[in-house]
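The structure file my_file_17.pdb is reproduced below (PDB, C-alpha atoms).
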ATOM      1  CA  MET A   1       0.000   0.000   0.000  1.00  0.00           C
ATOM      2  CA  PHE A   2       2.854   2.354   0.890  1.00  0.00           C
ATOM      3  CA  ALA A   3       4.514   1.697  -2.511  1.00  0.00           C
ATOM      4  CA  ILE A   4       1.288   2.600  -4.370  1.00  0.00           C
ATOM      5  CA  VAL A   5       0.871   5.870  -2.424  1.00  0.00           C
ATOM      6  CA  ALA A   6       4.565   6.728  -2.895  1.00  0.00           C
ATOM      7  CA  ALA A   7       4.361   6.033  -6.659  1.00  0.00           C
ATOM      8  CA  ALA A   8       1.247   8.217  -6.918  1.00  0.00           C
ATOM      9  CA  LEU A   9       2.981  11.074  -5.051  1.00  0.00           C
ATOM     10  CA  VAL A  10       6.082  10.831  -7.266  1.00  0.00           C
ATOM     11  CA  GLY A  11       3.836  10.856 -10.353  1.00  0.00           C
ATOM     12  CA  LEU A  12       1.967  13.939  -9.126  1.00  0.00           C
ATOM     13  CA  TYR A  13       5.249  15.669  -8.312  1.00  0.00           C
ATOM     14  CA  ALA A  14       6.608  14.954 -11.817  1.00  0.00           C
ATOM     15  CA  LEU A  15       3.364  16.188 -13.379  1.00  0.00           C
ATOM     16  CA  GLY A  16       3.559  19.377 -11.323  1.00  0.00           C
ATOM     17  CA  MET A  17       7.162  19.991 -12.367  1.00  0.00           C
ATOM     18  CA  ARG A  18       6.301  19.577 -16.080  1.00  0.00           C
ATOM     19  CA  SER A  19       3.366  21.939 -15.662  1.00  0.00           C
ATOM     20  CA  ALA A  20       5.534  24.552 -13.914  1.00  0.00           C
ATOM     21  CA  ASP A  21       8.176  24.249 -16.630  1.00  0.00           C
ATOM     22  CA  ARG A  22       5.573  24.693 -19.390  1.00  0.00           C
ATOM     23  CA  GLN A  23       4.086  27.700 -17.585  1.00  0.00           C
ATOM     24  CA  GLY A  24       7.559  29.253 -17.263  1.00  0.00           C
ATOM     25  CA  ARG A  25       8.203  28.837 -20.998  1.00  0.00           C
ATOM     26  CA  ASP A  26       4.790  30.334 -21.813  1.00  0.00           C
ATOM     27  CA  THR A  27       5.504  33.300 -19.541  1.00  0.00           C
ATOM     28  CA  GLN A  28       8.870  33.839 -21.245  1.00  0.00           C
ATOM     29  CA  THR A  29       7.221  33.672 -24.682  1.00  0.00           C
ATOM     30  CA  LEU A  30       4.673  36.279 -23.574  1.00  0.00           C
ATOM     31  CA  ALA A  31       7.433  38.567 -22.282  1.00  0.00           C
ATOM     32  CA  ASN A  32       9.459  38.140 -25.487  1.00  0.00           C
ATOM     33  CA  GLY A  33       6.412  38.896 -27.663  1.00  0.00           C
ATOM     34  CA  GLN A  34       5.611  42.030 -25.690  1.00  0.00           C
ATOM     35  CA  ARG A  35       9.243  43.159 -25.929  1.00  0.00           C
ATOM     36  CA  ALA A  36       9.199  42.576 -29.705  1.00  0.00           C
ATOM     37  CA  LEU A  37       6.052  44.669 -30.109  1.00  0.00           C
ATOM     38  CA  ALA A  38       7.496  47.433 -27.925  1.00  0.00           C
ATOM     39  CA  MET A  39      10.627  47.583 -30.104  1.00  0.00           C
ATOM     40  CA  LEU A  40       8.535  47.572 -33.293  1.00  0.00           C
ATOM     41  CA  GLU A  41       6.276  50.292 -31.885  1.00  0.00           C
ATOM     42  CA  LYS A  42       9.240  52.540 -31.047  1.00  0.00           C
ATOM     43  CA  ASP A  43      10.770  52.126 -34.502  1.00  0.00           C
ATOM     44  CA  VAL A  44       7.515  52.602 -36.430  1.00  0.00           C
ATOM     45  CA  ILE A  45       6.528  55.695 -34.438  1.00  0.00           C
ATOM     46  CA  GLU A  46       9.945  57.271 -35.044  1.00  0.00           C
ATOM     47  CA  ALA A  47      10.029  56.353 -38.755  1.00  0.00           C
ATOM     48  CA  CYS A  48       9.324  58.809 -41.528  1.00  0.00           C
ATOM     49  CA  GLU A  49       8.296  56.173 -44.077  1.00  0.00           C
ATOM     50  CA  ALA A  50       8.035  52.490 -44.810  1.00  0.00           C
ATOM     51  CA  THR A  51      10.354  51.781 -47.692  1.00  0.00           C
ATOM     52  CA  THR A  52      12.082  49.153 -49.764  1.00  0.00           C
ATOM     53  CA  VAL A  53      15.790  48.488 -49.285  1.00  0.00           C
ATOM     54  CA  ALA A  54      18.266  46.429 -51.278  1.00  0.00           C
ATOM     55  CA  GLY A  55      17.829  42.759 -50.553  1.00  0.00           C
ATOM     56  CA  ILE A  56      14.695  43.101 -48.429  1.00  0.00           C
ATOM     57  CA  PRO A  57      11.655  44.780 -49.957  1.00  0.00           C
ATOM     58  CA  ALA A  58       8.956  45.873 -47.537  1.00  0.00           C
ATOM     59  CA  SER A  59       6.220  43.256 -47.742  1.00  0.00           C
ATOM     60  CA  ALA A  60       3.837  41.231 -45.593  1.00  0.00           C
ATOM     61  CA  SER A  61       6.823  39.338 -44.156  1.00  0.00           C
ATOM     62  CA  ALA A  62       9.374  42.158 -43.958  1.00  0.00           C
ATOM     63  CA  LEU A  63       9.235  45.730 -42.733  1.00  0.00           C
ATOM     64  CA  ALA A  64      11.790  48.350 -43.788  1.00  0.00           C
ATOM     65  CA  LEU A  65      11.588  51.735 -42.072  1.00  0.00           C
ATOM     66  CA  ARG A  66      13.444  54.877 -43.139  1.00  0.00           C
ATOM     67  CA  MET A  67      14.440  56.828 -40.066  1.00  0.00           C
ATOM     68  CA  PRO A  68      14.537  60.634 -39.889  1.00  0.00           C
ATOM     69  CA  ARG A  69      17.499  62.852 -39.068  1.00  0.00           C
ATOM     70  CA  PHE A  70      17.841  66.562 -38.352  1.00  0.00           C
ATOM     71  CA  ASP A  71      19.423  68.554 -41.164  1.00  0.00           C
ATOM     72  CA  ALA A  72      21.786  71.538 -40.700  1.00  0.00           C
ATOM     73  CA  ASP A  73      18.790  73.852 -40.138  1.00  0.00           C
ATOM     74  CA  GLY A  74      17.332  71.606 -37.432  1.00  0.00           C
ATOM     75  CA  ILE A  75      14.534  70.341 -39.672  1.00  0.00           C
ATOM     76  CA  LEU A  76      13.542  66.699 -39.512  1.00  0.00           C
ATOM     77  CA  VAL A  77      14.207  65.030 -42.880  1.00  0.00           C
ATOM     78  CA  ALA A  78      14.359  61.469 -44.202  1.00  0.00           C
ATOM     79  CA  SER A  79      17.803  59.931 -43.952  1.00  0.00           C
ATOM     80  CA  ASP A  80      19.506  56.904 -45.437  1.00  0.00           C
ATOM     81  CA  ASP A  81      19.216  55.129 -42.066  1.00  0.00           C
ATOM     82  CA  VAL A  82      16.973  52.075 -42.404  1.00  0.00           C
ATOM     83  CA  ILE A  83      15.739  49.617 -39.800  1.00  0.00           C
ATOM     84  CA  VAL A  84      14.613  46.279 -41.216  1.00  0.00           C
ATOM     85  CA  TYR A  85      12.492  43.597 -39.552  1.00  0.00           C
ATOM     86  CA  SER A  86      12.433  40.271 -41.347  1.00  0.00           C
ATOM     87  CA  PHE A  87      11.468  36.689 -40.741  1.00  0.00           C
ATOM     88  CA  ALA A  88      14.181  34.003 -40.983  1.00  0.00           C
ATOM     89  CA  GLY A  89      13.254  30.452 -40.102  1.00  0.00           C
ATOM     90  CA  ASN A  90      11.416  30.651 -36.791  1.00  0.00           C
ATOM     91  CA  GLN A  91      12.908  33.994 -35.754  1.00  0.00           C
ATOM     92  CA  LEU A  92      11.989  37.632 -36.219  1.00  0.00           C
ATOM     93  CA  LEU A  93      15.201  39.597 -36.841  1.00  0.00           C
ATOM     94  CA  ARG A  94      15.999  43.300 -36.559  1.00  0.00           C
ATOM     95  CA  GLU A  95      18.750  44.922 -38.596  1.00  0.00           C
ATOM     96  CA  VAL A  96      19.981  48.522 -38.517  1.00  0.00           C
ATOM     97  CA  ARG A  97      21.506  49.788 -41.772  1.00  0.00           C
ATOM     98  CA  PRO A  98      23.011  53.224 -41.140  1.00  0.00           C
ATOM     99  CA  GLY A  99      23.414  55.615 -44.033  1.00  0.00           C
ATOM    100  CA  ALA A 100      26.518  57.632 -44.834  1.00  0.00           C
ATOM    101  CA  GLY A 101      27.552  59.871 -41.953  1.00  0.00           C
ATOM    102  CA  SER A 102      24.994  58.330 -39.622  1.00  0.00           C
ATOM    103  CA  ALA A 103      25.369  58.282 -35.849  1.00  0.00           C
ATOM    104  CA  LEU A 104      23.598  54.906 -35.737  1.00  0.00           C
ATOM    105  CA  ALA A 105      25.622  51.747 -35.197  1.00  0.00           C
ATOM    106  CA  ALA A 106      25.046  48.904 -37.646  1.00  0.00           C
ATOM    107  CA  VAL A 107      23.205  45.914 -36.196  1.00  0.00           C
ATOM    108  CA  THR A 108      22.748  42.636 -38.078  1.00  0.00           C
ATOM    109  CA  GLY A 109      20.866  39.507 -37.122  1.00  0.00           C
ATOM    110  CA  GLN A 110      19.468  40.746 -33.805  1.00  0.00           C
ATOM    111  CA  VAL A 111      16.855  38.174 -32.753  1.00  0.00           C
ATOM    112  CA  ILE A 112      13.719  39.963 -31.621  1.00  0.00           C
ATOM    113  CA  LEU A 113      11.406  36.967 -31.273  1.00  0.00           C
ATOM    114  CA  ASP A 114      12.288  33.270 -31.104  1.00  0.00           C
ATOM    115  CA  HIS A 115      10.001  30.328 -31.803  1.00  0.00           C
ATOM    116  CA  ALA A 116       7.720  32.158 -34.218  1.00  0.00           C
ATOM    117  CA  THR A 117       5.148  29.660 -35.457  1.00  0.00           C
ATOM    118  CA  GLY A 118       3.981  31.675 -38.423  1.00  0.00           C
ATOM    119  CA  SER A 119       5.397  34.510 -40.469  1.00  0.00           C
ATOM    120  CA  PRO A 120       4.921  37.947 -38.980  1.00  0.00           C
ATOM    121  CA  VAL A 121       2.413  39.855 -41.025  1.00  0.00           C
ATOM    122  CA  PHE A 122       2.847  43.559 -41.666  1.00  0.00           C
ATOM    123  CA  ASP A 123      -0.081  45.482 -43.157  1.00  0.00           C
ATOM    124  CA  TYR A 124       0.522  48.943 -44.589  1.00  0.00           C
ATOM    125  CA  LEU A 125      -2.338  51.382 -44.051  1.00  0.00           C
ATOM    126  CA  ARG A 126      -3.308  55.002 -44.638  1.00  0.00           C
ATOM    127  CA  ASP A 127      -5.923  57.232 -43.049  1.00  0.00           C
ATOM    128  CA  GLN A 128      -8.931  57.833 -45.237  1.00  0.00           C
ATOM    129  CA  GLY A 129     -11.456  59.849 -43.324  1.00  0.00           C
ATOM    130  CA  THR A 130     -12.607  57.786 -40.386  1.00  0.00           C
ATOM    131  CA  SER A 131     -11.101  54.485 -41.485  1.00  0.00           C
ATOM    132  CA  LEU A 132      -7.763  52.923 -42.328  1.00  0.00           C
ATOM    133  CA  VAL A 133      -7.289  51.424 -45.787  1.00  0.00           C
ATOM    134  CA  ARG A 134      -4.545  49.166 -47.110  1.00  0.00           C
ATOM    135  CA  VAL A 135      -2.165  50.718 -49.582  1.00  0.00           C
ATOM    136  CA  LEU A 136      -0.513  49.045 -52.538  1.00  0.00           C
ATOM    137  CA  GLN A 137       2.572  51.254 -52.488  1.00  0.00           C
ATOM    138  CA  VAL A 138       4.362  50.838 -49.178  1.00  0.00           C
ATOM    139  CA  GLN A 139       5.782  54.385 -49.332  1.00  0.00           C
ATOM    140  CA  GLN A 140       2.240  55.758 -48.975  1.00  0.00           C
ATOM    141  CA  ALA A 141       1.694  54.016 -45.639  1.00  0.00           C
ATOM    142  CA  GLU A 142       1.058  56.057 -42.507  1.00  0.00           C
ATOM    143  CA  VAL A 143       0.209  53.170 -40.193  1.00  0.00           C
ATOM    144  CA  VAL A 144       1.766  49.736 -39.818  1.00  0.00           C
ATOM    145  CA  ARG A 145      -0.312  46.901 -38.403  1.00  0.00           C
ATOM    146  CA  VAL A 146       1.659  43.968 -37.000  1.00  0.00           C
ATOM    147  CA  ARG A 147       0.532  40.421 -36.205  1.00  0.00           C
ATOM    148  CA  LEU A 148       2.999  37.978 -34.653  1.00  0.00           C
ATOM    149  CA  GLN A 149       2.568  34.435 -33.400  1.00  0.00           C
ATOM    150  CA  ALA A 150       5.026  32.532 -31.209  1.00  0.00           C
ATOM    151  CA  SER A 151       5.136  29.319 -29.229  1.00  0.00           C
ATOM    152  CA  ALA A 152       6.997  28.428 -26.040  1.00  0.00           C
ATOM    153  CA  SER A 153       8.978  25.959 -28.128  1.00  0.00           C
ATOM    154  CA  VAL A 154       8.512  24.971 -31.739  1.00  0.00           C
ATOM    155  CA  GLY A 155       6.525  21.784 -32.163  1.00  0.00           C
ATOM    156  CA  THR A 156       5.066  21.553 -28.650  1.00  0.00           C
ATOM    157  CA  ASP A 157       2.433  24.264 -28.973  1.00  0.00           C
ATOM    158  CA  PRO A 158       1.396  24.673 -32.611  1.00  0.00           C
ATOM    159  CA  ASP A 159      -1.076  27.474 -31.879  1.00  0.00           C
ATOM    160  CA  GLY A 160       1.203  29.552 -29.670  1.00  0.00           C
ATOM    161  CA  GLN A 161       0.407  33.057 -28.493  1.00  0.00           C
ATOM    162  CA  PHE A 162      -0.686  35.932 -30.701  1.00  0.00           C
ATOM    163  CA  PHE A 163       0.667  39.462 -30.478  1.00  0.00           C
ATOM    164  CA  ARG A 164      -0.866  42.411 -32.318  1.00  0.00           C
ATOM    165  CA  GLY A 165      -0.140  46.088 -32.639  1.00  0.00           C
ATOM    166  CA  GLU A 166      -1.065  49.043 -34.812  1.00  0.00           C
ATOM    167  CA  TYR A 167       1.354  51.959 -34.909  1.00  0.00           C
ATOM    168  CA  ARG A 168       1.244  55.348 -36.625  1.00  0.00           C
ATOM    169  CA  MET A 169       4.391  56.904 -38.029  1.00  0.00           C
ATOM    170  CA  ARG A 170       4.773  60.142 -36.093  1.00  0.00           C
ATOM    171  CA  ASN A 171       7.392  61.621 -38.444  1.00  0.00           C
ATOM    172  CA  LYS A 172       5.618  60.706 -41.699  1.00  0.00           C
ATOM    173  CA  ARG A 173       6.721  63.061 -44.477  1.00  0.00           C
TER     174      ARG A 173
END
Now that the file is in, can you turn its structure into structure tokens?
Amino acid sequence: MFAIVAAALVGLYALGMRSADRQGRDTQTLANGQRALAMLEKDVIEACEATTVAGIPASASALALRMPRFDADGILVASDDVIVYSFAGNQLLREVRPGAGSALAAVTGQVILDHATGSPVFDYLRDQGTSLVRVLQVQQAEVVRVRLQASASVGTDPDGQFFRGEYRMRNKR
């Protein structure tokens, strides 16, 4: 009888440990997704336009943002500085491509979100009265809508967690 009770307790303990481990991974995925959206939000708000850059055109699975810079007269103008978000395998990457004379440091292959279970989707929108409409030419976008999906670990949770955001470019030209 003691052996049966002991085996049951060990089984419950093991089940509890697996559950705690899974909950910890889910919590980390949630934190990572929120951090990714916060970084995207900051970059989109500061951008002056969504653009296309060599090698990575802005599309539903990639986002290229031209960043502004102050000119000699203190006026905010578009620069050659570009921040690119792209999907590679199961990761969302961020890359900073500074233009000539930029104060920005180049960043390549920075992982923003691990264990993505589906491609990030970027929608490019513009204000039209009281509604937002999709635009065919990315350069006309004023708002970027982002949908991300990630799992605690690839293969164990096919649905994962969804993250969404909609951000307006504050410095739109």
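Between atom CA of Ile56 of chain A and atom CA of Gly118 of chain A lies a distance of 18.6 Å.
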Checklist outcome for this item: Of A:Asp80, A:Met1, A:Arg145, A:Glu49, the one nearest to Val133 of chain A when counting all atoms listed in the file is A:Arg145
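Using all atoms listed in the file, the smallest distance between any of A:Asn32, A:Thr117, A:Ser19, A:Gln91 and Ser151 of chain A comes from A:Thr117.
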Next on the checklist: Show me the residues around (13.7, 52.3, -42.1) - criterion: an atom at most 6 Å away, all atoms listed in the file counted - as a ChimeraX atom specification.
Outcome noted: /A:64-67,82-83
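The smallest atom-to-atom distance between Pro57 of chain A and any of A:Met17, A:Val44, A:Val138, A:Val121, using all atoms listed in the file, is found for A:Val138.
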Item to check | Test item: the PyMOL selection byres ((chain A and resi 100-115) around 8) resolved as a list in words | outcome: Asn32, Gly33, Arg35, Ala36, Asp80, Asp81, Asn90, Gln91, Leu92, Leu93, Arg94, Glu95, Val96, Arg97, Pro98, Gly99, Ala116, Thr117, Ala150, Ser151, Ala152, Ser153 and Val154 of chain A
Checklist outcome for this item: A straight line from atom CA of Val77 of chain A to atom CA of Ala141 of chain A spans 16.9 Å
